[in-house]
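Read the structure below first, then the notes.
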Amino acid sequence: MQVNPFHDVTATINKGDFVSIVGQNGAGKTTLCRIICGFISNEGRVLFNGDDLASLSIKERSEKIGYVMQDPNQMISQKMIFDEVALGLRLRNYNKEEIKQKVYHALKICGLYPYRNWPISALSFGQKKRVTIAAILVLEPDLLILDEPTAGQDWKTYTEIMSFLKQLNEQGKTIMIITHDMYLMMEYTNRSLAFADGELIADTLPIKLLTEKGLIKKAALKRTSLYDLAKKYQLKDPDAFVRAYINSERNK
Amino acid sequence: MHDESQILGYQPGSGFIYQLNATTKLVFMLLVSAACMITYDTRFLVAIGIFSIFLFKEANIKWRQISFIVKFIVAFMVLNLLFVYLFQPTYGENIYHSKSILIHAGYFTLTIQEVFYLFNLLLKYVCSIPIVLLFLLTTNPSQFAASLNRIGISYKISYAVALALRYIPDIQNSYWAISAAQQARGVELSKKAKLSKRIKGTLNIVMPLIFTSLDRIDTISTAMQLRRFGSKKKRTWYVAESFNENDFWIMGLAVVLVLVVVLLWWLDHGRFYNPFV
């Protein structure tokens, strides 16, 4: 539960941004998402493409904004995996053939295609998380918000999901990810918003967040071991070292 | 849109009522509700009704917390009164042995006596609902369980009651979370949808809610058993409250009110206070 209400938070997310939202537990990351999606009321203004969202209901906002929650159990309402992923499409009156195609595509991305005819009760927690991601991906929203999407995932699935998100981003979709995973933050996102005590303490490149001492402490992040390694070997430019490593990983 | 303060459940607070022992409040609620249910003495009901509302104001309950349930109860009450009237419009005359017609309408002829009878029914709601809501809002479930145990009720039953009390806000939170998730998938539940669609959508939430709740009950009881709950005959409590002077006064008051009802029964020669003869 949010202990410190937001204070002076202003940010503009541009179309095509791939943003990470970081901060301590309780800093306000999930609350921010809830405000954007309309789950809770707020005092400030939330604009989407210039339009004030205040008059739009949760359902209306969901036509443009897709939110994958941290707890998949709060999202899942159907018995079968296929039905769960197809739910949003059915509510939007797509025809059967289209639904089948889109659902299968989304399931393939999330590594769930072999389970397409299974019930959700047969899935593990990590797999359920993937179902919820698929269920939102399939709706192709303009803005995609994911709350800790990679928590509980094995490396292979993690990379598959993140690569797909990267692809989507390259095609123009805007993506926001709440994460504690510094590696994800640096490797995939090009902008980081750090929250602490209800305030936005940084809106910058991910690398800066992990190398500037003041920010690290306030956002309760941990310096990467790469940086510490660079420092130990007294490299002239630890920042550049970390960046070079990340880039080489990215280009693999 | 929804937030924490709209949940109906225990909220910590300060004030006379919050300082009372949980068992005192339970005893008071049970005795006074029973007294109000038995009697049809309008004078008594009016007095308790005013007292009830006064207690409610005293505790500074926020309207937001109770608005939904109050509206629900009022709707239920109106239906209740309506059906009582429709099924036997002559009941009032029969009880009060007199007939003063207000509106001529054949079978549905409305008499002052019937209105008076319905007024008594309304008063009963006004008397008991604020007290019950007050109990739910000002009682810490754990302290309640401890108190029940101290007055001799088996700790397993006390614990079950406390869990049930804790459950009320939990179910509401789950309901709102599921509702928000459903809306975010495209089910329109706000005022922008037709009422029939909203009702249907709400029912779609209730089913998963029931199933997750049953699952939770299973998980919690297993967790409790893992901690060896129930393996011994007695247990100690972390949050036990003691009784103080105010508690005895309040419980005494409740007993006095029950005695007043008994006295009024004798004075009125029956349950009904009859101003018509």
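Simple scheme: letters A, B, ... for chains in structure tokens order, numbers from 1 for residues in each chain, numbers from 1 for ligands in the order shown.
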Could you give me, as JSON lines, every chain A residue with an atom at most 9 Å from chain B, plus its closest atom pair and distance in Å to one decimal, counting only C-alpha atoms, rows ordered by chain then number?
{"residue": "A:Met1", "atom": "CA", "partner": "B:Glu4", "partner_atom": "CA", "distance": 8.9}
{"residue": "A:Cys37", "atom": "CA", "partner": "B:Ala184", "partner_atom": "CA", "distance": 7.6}
{"residue": "A:Gly38", "atom": "CA", "partner": "B:Met1", "partner_atom": "CA", "distance": 6.8}
{"residue": "A:Phe39", "atom": "CA", "partner": "B:Met1", "partner_atom": "CA", "distance": 5.3}
{"residue": "A:Ile40", "atom": "CA", "partner": "B:Met1", "partner_atom": "CA", "distance": 5.0}
{"residue": "A:Ser41", "atom": "CA", "partner": "B:Met1", "partner_atom": "CA", "distance": 6.0}
{"residue": "A:Ser57", "atom": "CA", "partner": "B:Ser190", "partner_atom": "CA", "distance": 6.5}
{"residue": "A:Ile58", "atom": "CA", "partner": "B:Gln183", "partner_atom": "CA", "distance": 5.7}
{"residue": "A:Lys59", "atom": "CA", "partner": "B:Gln183", "partner_atom": "CA", "distance": 4.9}
{"residue": "A:Glu60", "atom": "CA", "partner": "B:Gly186", "partner_atom": "CA", "distance": 7.6}
{"residue": "A:Arg61", "atom": "CA", "partner": "B:Ala184", "partner_atom": "CA", "distance": 7.6}
{"residue": "A:Ser62", "atom": "CA", "partner": "B:Ala184", "partner_atom": "CA", "distance": 5.1}
{"residue": "A:Glu63", "atom": "CA", "partner": "B:Gly186", "partner_atom": "CA", "distance": 7.4}
{"residue": "A:Ile65", "atom": "CA", "partner": "B:Ala184", "partner_atom": "CA", "distance": 8.6}
{"residue": "A:Gly66", "atom": "CA", "partner": "B:Ala184", "partner_atom": "CA", "distance": 7.5}
{"residue": "A:Tyr67", "atom": "CA", "partner": "B:Ala184", "partner_atom": "CA", "distance": 7.5}
{"residue": "A:Met69", "atom": "CA", "partner": "B:Ala181", "partner_atom": "CA", "distance": 8.5}
{"residue": "A:Gln74", "atom": "CA", "partner": "B:Ile178", "partner_atom": "CA", "distance": 5.9}
{"residue": "A:Met75", "atom": "CA", "partner": "B:Ala181", "partner_atom": "CA", "distance": 5.4}
{"residue": "A:Ile76", "atom": "CA", "partner": "B:Ala181", "partner_atom": "CA", "distance": 8.5}
{"residue": "A:Ser77", "atom": "CA", "partner": "B:Pro208", "partner_atom": "CA", "distance": 6.4}
{"residue": "A:Gln78", "atom": "CA", "partner": "B:Pro208", "partner_atom": "CA", "distance": 8.5}
{"residue": "A:Leu87", "atom": "CA", "partner": "B:Arg185", "partner_atom": "CA", "distance": 7.5}
{"residue": "A:Gly88", "atom": "CA", "partner": "B:Arg185", "partner_atom": "CA", "distance": 5.4}
{"residue": "A:Leu89", "atom": "CA", "partner": "B:Gly186", "partner_atom": "CA", "distance": 8.8}
{"residue": "A:Leu91", "atom": "CA", "partner": "B:Gly186", "partner_atom": "CA", "distance": 6.2}
{"residue": "A:Arg92", "atom": "CA", "partner": "B:Gly186", "partner_atom": "CA", "distance": 7.4}
{"residue": "A:Ala135", "atom": "CA", "partner": "B:Arg185", "partner_atom": "CA", "distance": 8.7}
{"residue": "A:Ile136", "atom": "CA", "partner": "B:Arg185", "partner_atom": "CA", "distance": 7.9}
Write the selection just made, keeping C-alpha atoms, as a PDB file, in the first residue's frame?
ATOM      1  CA  MET A   1       0.000   0.000   0.000  1.00  0.00           C
ATOM      2  CA  CYS A  37      -5.064   2.766 -15.809  1.00  0.00           C
ATOM      3  CA  GLY A  38      -7.758   4.414 -13.748  1.00  0.00           C
ATOM      4  CA  PHE A  39      -7.934   1.918 -10.868  1.00  0.00           C
ATOM      5  CA  ILE A  40      -7.500   4.654  -8.300  1.00  0.00           C
ATOM      6  CA  SER A  41      -8.302   8.325  -8.397  1.00  0.00           C
ATOM      7  CA  SER A  57     -13.498   4.774 -17.577  1.00  0.00           C
ATOM      8  CA  ILE A  58     -11.082   1.915 -16.889  1.00  0.00           C
ATOM      9  CA  LYS A  59     -12.490   0.021 -19.838  1.00  0.00           C
ATOM     10  CA  GLU A  60     -12.089   2.961 -22.187  1.00  0.00           C
ATOM     11  CA  ARG A  61      -8.504   3.498 -21.089  1.00  0.00           C
ATOM     12  CA  SER A  62      -7.816  -0.190 -21.621  1.00  0.00           C
ATOM     13  CA  GLU A  63      -8.433   0.262 -25.316  1.00  0.00           C
ATOM     14  CA  ILE A  65      -3.282   1.078 -22.446  1.00  0.00           C
ATOM     15  CA  GLY A  66      -2.534  -2.533 -21.604  1.00  0.00           C
ATOM     16  CA  TYR A  67      -1.535  -3.330 -18.020  1.00  0.00           C
ATOM     17  CA  MET A  69      -0.318  -6.857 -13.213  1.00  0.00           C
ATOM     18  CA  GLN A  74      -5.773 -11.112  -9.873  1.00  0.00           C
ATOM     19  CA  MET A  75      -6.122 -11.038 -13.628  1.00  0.00           C
ATOM     20  CA  ILE A  76      -7.094 -14.576 -14.510  1.00  0.00           C
ATOM     21  CA  SER A  77     -10.816 -15.199 -14.662  1.00  0.00           C
ATOM     22  CA  GLN A  78     -11.269 -18.053 -17.136  1.00  0.00           C
ATOM     23  CA  LEU A  87     -11.184 -12.848 -23.546  1.00  0.00           C
ATOM     24  CA  GLY A  88     -10.177  -9.343 -24.557  1.00  0.00           C
ATOM     25  CA  LEU A  89     -10.589 -10.108 -28.247  1.00  0.00           C
ATOM     26  CA  LEU A  91     -15.120  -8.538 -25.801  1.00  0.00           C
ATOM     27  CA  ARG A  92     -13.995  -6.460 -28.762  1.00  0.00           C
ATOM     28  CA  ALA A 135      -3.643 -11.934 -22.839  1.00  0.00           C
ATOM     29  CA  ILE A 136      -2.603  -8.299 -22.994  1.00  0.00           C
TER      30      ILE A 136
END
Next on the checklist: Just want the 10 Å neighbourhood of Gly15 (chain B), counted on only C-alpha atoms, with same-chain residues fewer than 5 positions away dropped. Output as a list in words.
Outcome noted: Leu20, Glu58, Ala59, Asn60 and Thr138 of chain B
Next on the checklist: I'd like the contact shell of Leu264 (chain B) - 10 Å cut-off, only C-alpha atoms, skipping same-chain residues fewer than 6 positions apart - returned as a VMD selection string.
Outcome noted: chain B and resid 39 to 41 43 to 44 258 270 to 273
Got time to write the residues from that selection, C-alpha atoms, as a short mmCIF file (atom, residue, chain, number, x, y, z; two decimals), in the first residue's frame?
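Printed below is result12.cif as written:
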data_model
loop_
_atom_site.label_atom_id
_atom_site.label_comp_id
_atom_site.auth_asym_id
_atom_site.auth_seq_id
_atom_site.Cartn_x
_atom_site.Cartn_y
_atom_site.Cartn_z
CA THR B 39 -40.64 -5.14 21.24
CA TYR B 40 -43.08 -3.12 19.20
CA ASP B 41 -43.22 -0.35 21.74
CA ARG B 43 -41.63 4.94 22.32
CA PHE B 44 -38.80 2.55 23.18
CA VAL B 258 -33.66 -5.66 28.07
CA GLY B 270 -48.27 -7.51 24.92
CA ARG B 271 -45.58 -6.63 22.42
CA PHE B 272 -47.43 -3.75 20.86
CA TYR B 273 -47.71 -0.21 22.11
#
Item to check | CA of Leu193 (chain A) to CA of Asp154 (chain A), straight-line distance in Å | outcome: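 Going from CA of Asp154 (chain A) over to CA of Leu193 (chain A), I get 25.8 Å.
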Checklist entry - By how many Å are CA of Phe54 (chain B) and CA of Pro141 (chain B) apart? => result 24.1 Å
Item to check | 6 Å contact set for Gln153 (chain A), only C-alpha atoms, chain neighbours under 3 positions out, as a list in words | outcome: Gly126, Thr150 and Tyr158 of chain A
Checklist entry - Neighbours of region 13-20 of chain A within 12 Å (only C-alpha atoms; same-chain residues fewer than 3 positions away dropped), as number ranges by chain? => result A: 10, 23, 29, 36, 46-50, 142-149, 162, 165-195, 202-207, 209
Next on the checklist: Rounded to one decimal, what separation in Å do you get between CA of Lys128 (chain A) and CA of Ile81 (chain A)?
Outcome noted: 8.9 Å
Item to check | Within 10 Å of region 142-150 of chain B using only C-alpha atoms, minus same-chain residues under 6 positions, as a ChimeraX atom specification | outcome: /B:21-26,156-163,165-166,234-243
Please write the residues from the selection above to a file, keeping N, CA and C atoms, as a compact mmCIF listing (two decimals), in the first residue's frame.
# COMPACT_ATOMS: atom_id res chain seq x y z
N ASN B 21 -13.95 -2.70 25.49
CA ASN B 21 -13.56 -4.07 25.20
C ASN B 21 -14.47 -4.65 24.11
N ALA B 22 -13.87 -5.48 23.25
CA ALA B 22 -14.64 -6.03 22.13
C ALA B 22 -15.85 -6.84 22.59
N THR B 23 -15.68 -7.58 23.66
CA THR B 23 -16.79 -8.41 24.13
C THR B 23 -17.95 -7.54 24.62
N THR B 24 -17.60 -6.42 25.26
CA THR B 24 -18.64 -5.49 25.71
C THR B 24 -19.49 -5.06 24.53
N LYS B 25 -18.81 -4.71 23.44
CA LYS B 25 -19.54 -4.23 22.28
C LYS B 25 -20.41 -5.33 21.70
N LEU B 26 -19.89 -6.55 21.72
CA LEU B 26 -20.69 -7.66 21.20
C LEU B 26 -21.92 -7.88 22.05
N LYS B 156 -11.09 -22.07 19.64
CA LYS B 156 -11.24 -22.37 18.21
C LYS B 156 -12.42 -21.61 17.62
N ILE B 157 -13.52 -21.55 18.40
CA ILE B 157 -14.68 -20.81 17.93
C ILE B 157 -14.37 -19.32 17.89
N SER B 158 -13.70 -18.83 18.95
CA SER B 158 -13.35 -17.41 18.98
C SER B 158 -12.52 -17.05 17.76
N TYR B 159 -11.55 -17.90 17.47
CA TYR B 159 -10.67 -17.64 16.34
C TYR B 159 -11.45 -17.63 15.05
N ALA B 160 -12.39 -18.59 14.93
CA ALA B 160 -13.20 -18.65 13.71
C ALA B 160 -13.99 -17.36 13.53
N VAL B 161 -14.52 -16.85 14.63
CA VAL B 161 -15.29 -15.60 14.55
C VAL B 161 -14.39 -14.45 14.12
N ALA B 162 -13.17 -14.39 14.70
CA ALA B 162 -12.25 -13.31 14.34
C ALA B 162 -11.86 -13.39 12.88
N LEU B 163 -11.62 -14.60 12.39
CA LEU B 163 -11.28 -14.76 10.98
C LEU B 163 -12.41 -14.28 10.09
N LEU B 165 -14.55 -11.99 10.81
CA LEU B 165 -14.55 -10.53 10.83
C LEU B 165 -13.45 -9.97 9.94
N ARG B 166 -12.30 -10.61 9.94
CA ARG B 166 -11.20 -10.15 9.10
C ARG B 166 -11.51 -10.35 7.64
N LYS B 234 -5.77 -25.31 25.43
CA LYS B 234 -5.83 -23.88 25.75
C LYS B 234 -4.79 -23.15 24.94
N ARG B 235 -4.93 -21.80 24.89
CA ARG B 235 -3.87 -21.01 24.27
C ARG B 235 -3.79 -19.65 24.94
N THR B 236 -2.66 -18.99 24.77
CA THR B 236 -2.51 -17.64 25.30
C THR B 236 -2.71 -16.66 24.14
N TRP B 237 -2.94 -15.40 24.50
CA TRP B 237 -3.21 -14.39 23.49
C TRP B 237 -2.25 -13.23 23.59
N TYR B 238 -1.88 -12.72 22.46
CA TYR B 238 -0.96 -11.59 22.41
C TYR B 238 -1.68 -10.28 22.68
N VAL B 239 -2.94 -10.20 22.26
CA VAL B 239 -3.63 -8.92 22.31
C VAL B 239 -4.81 -8.91 23.28
N ALA B 240 -4.73 -9.70 24.32
CA ALA B 240 -5.89 -9.75 25.22
C ALA B 240 -6.12 -8.40 25.88
N GLU B 241 -7.39 -8.02 25.95
CA GLU B 241 -7.78 -6.76 26.59
C GLU B 241 -8.42 -7.08 27.92
N SER B 242 -8.30 -6.19 28.88
CA SER B 242 -9.02 -6.44 30.13
C SER B 242 -10.28 -5.60 30.15
N PHE B 243 -11.16 -5.94 31.06
CA PHE B 243 -12.39 -5.16 31.24
C PHE B 243 -12.11 -4.03 32.21
Checklist entry - Where in region 1-229 of chain A does DSSP assign strand (DSSP E), given as a ChimeraX atom specification? => result /A:18-23,47-48,51-52,65-68,143-147,174-178,191-196,199-204
The selected residues should be written to file as an mmCIF file, in the first residue's frame (atoms: N, CA and C atoms).
data_model
loop_
_atom_site.group_PDB
_atom_site.id
_atom_site.type_symbol
_atom_site.label_atom_id
_atom_site.label_comp_id
_atom_site.auth_asym_id
_atom_site.auth_seq_id
_atom_site.Cartn_x
_atom_site.Cartn_y
_atom_site.Cartn_z
ATOM 1 N N PHE A 18 11.023 3.093 -24.435
ATOM 2 C CA PHE A 18 11.041 1.819 -23.720
ATOM 3 C C PHE A 18 11.563 2.181 -22.325
ATOM 4 N N VAL A 19 10.612 2.374 -21.418
ATOM 5 C CA VAL A 19 10.939 2.947 -20.121
ATOM 6 C C VAL A 19 10.955 1.901 -19.014
ATOM 7 N N SER A 20 11.918 2.044 -18.101
ATOM 8 C CA SER A 20 11.881 1.188 -16.913
ATOM 9 C C SER A 20 11.541 2.061 -15.717
ATOM 10 N N ILE A 21 10.750 1.510 -14.826
ATOM 11 C CA ILE A 21 10.371 2.244 -13.617
ATOM 12 C C ILE A 21 10.941 1.490 -12.426
ATOM 13 N N VAL A 22 11.803 2.167 -11.700
ATOM 14 C CA VAL A 22 12.489 1.485 -10.609
ATOM 15 C C VAL A 22 12.322 2.236 -9.301
ATOM 16 N N GLY A 23 12.647 1.529 -8.229
ATOM 17 C CA GLY A 23 12.560 2.168 -6.925
ATOM 18 C C GLY A 23 12.307 1.132 -5.856
ATOM 19 N N LEU A 47 -2.447 12.754 -19.151
ATOM 20 C CA LEU A 47 -2.842 12.998 -20.538
ATOM 21 C C LEU A 47 -2.312 11.901 -21.433
ATOM 22 N N PHE A 48 -3.115 11.483 -22.374
ATOM 23 C CA PHE A 48 -2.693 10.473 -23.331
ATOM 24 C C PHE A 48 -2.888 11.046 -24.714
ATOM 25 N N ASP A 51 -5.012 14.010 -24.773
ATOM 26 C CA ASP A 51 -6.361 13.936 -24.202
ATOM 27 C C ASP A 51 -6.302 13.635 -22.710
ATOM 28 N N ASP A 52 -7.085 14.369 -21.941
ATOM 29 C CA ASP A 52 -7.139 14.123 -20.505
ATOM 30 C C ASP A 52 -7.882 12.823 -20.247
ATOM 31 N N ILE A 65 -4.332 1.409 -23.401
ATOM 32 C CA ILE A 65 -3.282 1.078 -22.446
ATOM 33 C C ILE A 65 -3.475 -0.346 -21.945
ATOM 34 N N GLY A 66 -2.447 -1.167 -22.111
ATOM 35 C CA GLY A 66 -2.534 -2.533 -21.604
ATOM 36 C C GLY A 66 -1.692 -2.663 -20.352
ATOM 37 N N TYR A 67 -2.262 -3.224 -19.285
ATOM 38 C CA TYR A 67 -1.535 -3.330 -18.020
ATOM 39 C C TYR A 67 -1.471 -4.784 -17.565
ATOM 40 N N VAL A 68 -0.255 -5.294 -17.500
ATOM 41 C CA VAL A 68 -0.080 -6.651 -16.999
ATOM 42 C C VAL A 68 0.313 -6.563 -15.533
ATOM 43 N N LEU A 143 0.083 1.647 -25.523
ATOM 44 C CA LEU A 143 1.017 1.709 -24.405
ATOM 45 C C LEU A 143 0.890 0.424 -23.617
ATOM 46 N N LEU A 144 2.013 -0.227 -23.415
ATOM 47 C CA LEU A 144 2.014 -1.502 -22.708
ATOM 48 C C LEU A 144 2.753 -1.322 -21.392
ATOM 49 N N ILE A 145 2.085 -1.595 -20.276
ATOM 50 C CA ILE A 145 2.730 -1.469 -18.967
ATOM 51 C C ILE A 145 2.840 -2.859 -18.363
ATOM 52 N N LEU A 146 4.045 -3.241 -17.970
ATOM 53 C CA LEU A 146 4.231 -4.558 -17.373
ATOM 54 C C LEU A 146 4.850 -4.420 -15.988
ATOM 55 N N ASP A 147 4.213 -5.024 -15.023
ATOM 56 C CA ASP A 147 4.678 -4.954 -13.646
ATOM 57 C C ASP A 147 5.458 -6.219 -13.310
ATOM 58 N N THR A 174 4.883 1.814 -27.370
ATOM 59 C CA THR A 174 5.522 2.370 -26.188
ATOM 60 C C THR A 174 5.406 1.359 -25.060
ATOM 61 N N ILE A 175 6.520 1.137 -24.368
ATOM 62 C CA ILE A 175 6.484 0.112 -23.323
ATOM 63 C C ILE A 175 7.062 0.649 -22.017
ATOM 64 N N MET A 176 6.359 0.353 -20.915
ATOM 65 C CA MET A 176 6.846 0.722 -19.586
ATOM 66 C C MET A 176 6.975 -0.546 -18.766
ATOM 67 N N ILE A 177 8.143 -0.733 -18.156
ATOM 68 C CA ILE A 177 8.323 -1.934 -17.334
ATOM 69 C C ILE A 177 8.732 -1.562 -15.917
ATOM 70 N N ILE A 178 7.995 -2.079 -14.953
ATOM 71 C CA ILE A 178 8.397 -1.904 -13.556
ATOM 72 C C ILE A 178 9.304 -3.076 -13.241
ATOM 73 N N ARG A 191 15.374 4.365 -21.101
ATOM 74 C CA ARG A 191 15.091 5.467 -20.185
ATOM 75 C C ARG A 191 14.619 4.899 -18.863
ATOM 76 N N SER A 192 15.099 5.475 -17.756
ATOM 77 C CA SER A 192 14.693 4.980 -16.436
ATOM 78 C C SER A 192 14.103 6.078 -15.580
ATOM 79 N N LEU A 193 12.949 5.766 -14.979
ATOM 80 C CA LEU A 193 12.333 6.692 -14.026
ATOM 81 C C LEU A 193 12.474 6.066 -12.649
ATOM 82 N N ALA A 194 13.174 6.769 -11.770
ATOM 83 C CA ALA A 194 13.389 6.213 -10.434
ATOM 84 C C ALA A 194 12.528 6.941 -9.417
ATOM 85 N N PHE A 195 11.783 6.160 -8.624
ATOM 86 C CA PHE A 195 10.922 6.733 -7.600
ATOM 87 C C PHE A 195 11.452 6.421 -6.211
ATOM 88 N N ALA A 196 11.291 7.385 -5.316
ATOM 89 C CA ALA A 196 11.617 7.138 -3.913
ATOM 90 C C ALA A 196 10.718 8.016 -3.073
ATOM 91 N N GLU A 199 8.413 10.457 -4.715
ATOM 92 C CA GLU A 199 8.948 11.496 -5.599
ATOM 93 C C GLU A 199 9.694 10.872 -6.752
ATOM 94 N N LEU A 200 9.731 11.585 -7.854
ATOM 95 C CA LEU A 200 10.480 11.127 -9.008
ATOM 96 C C LEU A 200 11.892 11.676 -8.840
ATOM 97 N N ILE A 201 12.836 10.806 -8.477
ATOM 98 C CA ILE A 201 14.164 11.336 -8.200
ATOM 99 C C ILE A 201 15.095 11.303 -9.399
ATOM 100 N N ALA A 202 14.697 10.590 -10.448
ATOM 101 C CA ALA A 202 15.561 10.582 -11.630
ATOM 102 C C ALA A 202 14.766 10.199 -12.855
ATOM 103 N N ASP A 203 15.101 10.824 -13.960
ATOM 104 C CA ASP A 203 14.483 10.497 -15.245
ATOM 105 C C ASP A 203 15.632 10.559 -16.231
ATOM 106 N N THR A 204 16.293 9.428 -16.427
ATOM 107 C CA THR A 204 17.570 9.511 -17.130
ATOM 108 C C THR A 204 17.906 8.204 -17.815
#
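Here the question is which of A:Arg116, A:Arg45, A:Lys231, A:Lys64 gets nearest to Leu139 (chain A) using only C-alpha atoms, and that residue is A:Lys64.
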Checklist entry - Would you give me, as a ChimeraX atom specification, the residues in region 143-253 of chain B that DSSP reads as helix (DSSP H, G or I)? => result /B:143-150,155-185,195-226,245-253
Checklist entry - Neighbours of region 215-220 of chain B within 12 Å (only C-alpha atoms; same-chain residues fewer than 4 positions away dropped), as a VMD selection string? => result (chain A and resid 73) or (chain B and resid 160 163 to 164 167 170 to 171 174 208 to 211 224 to 227 229)
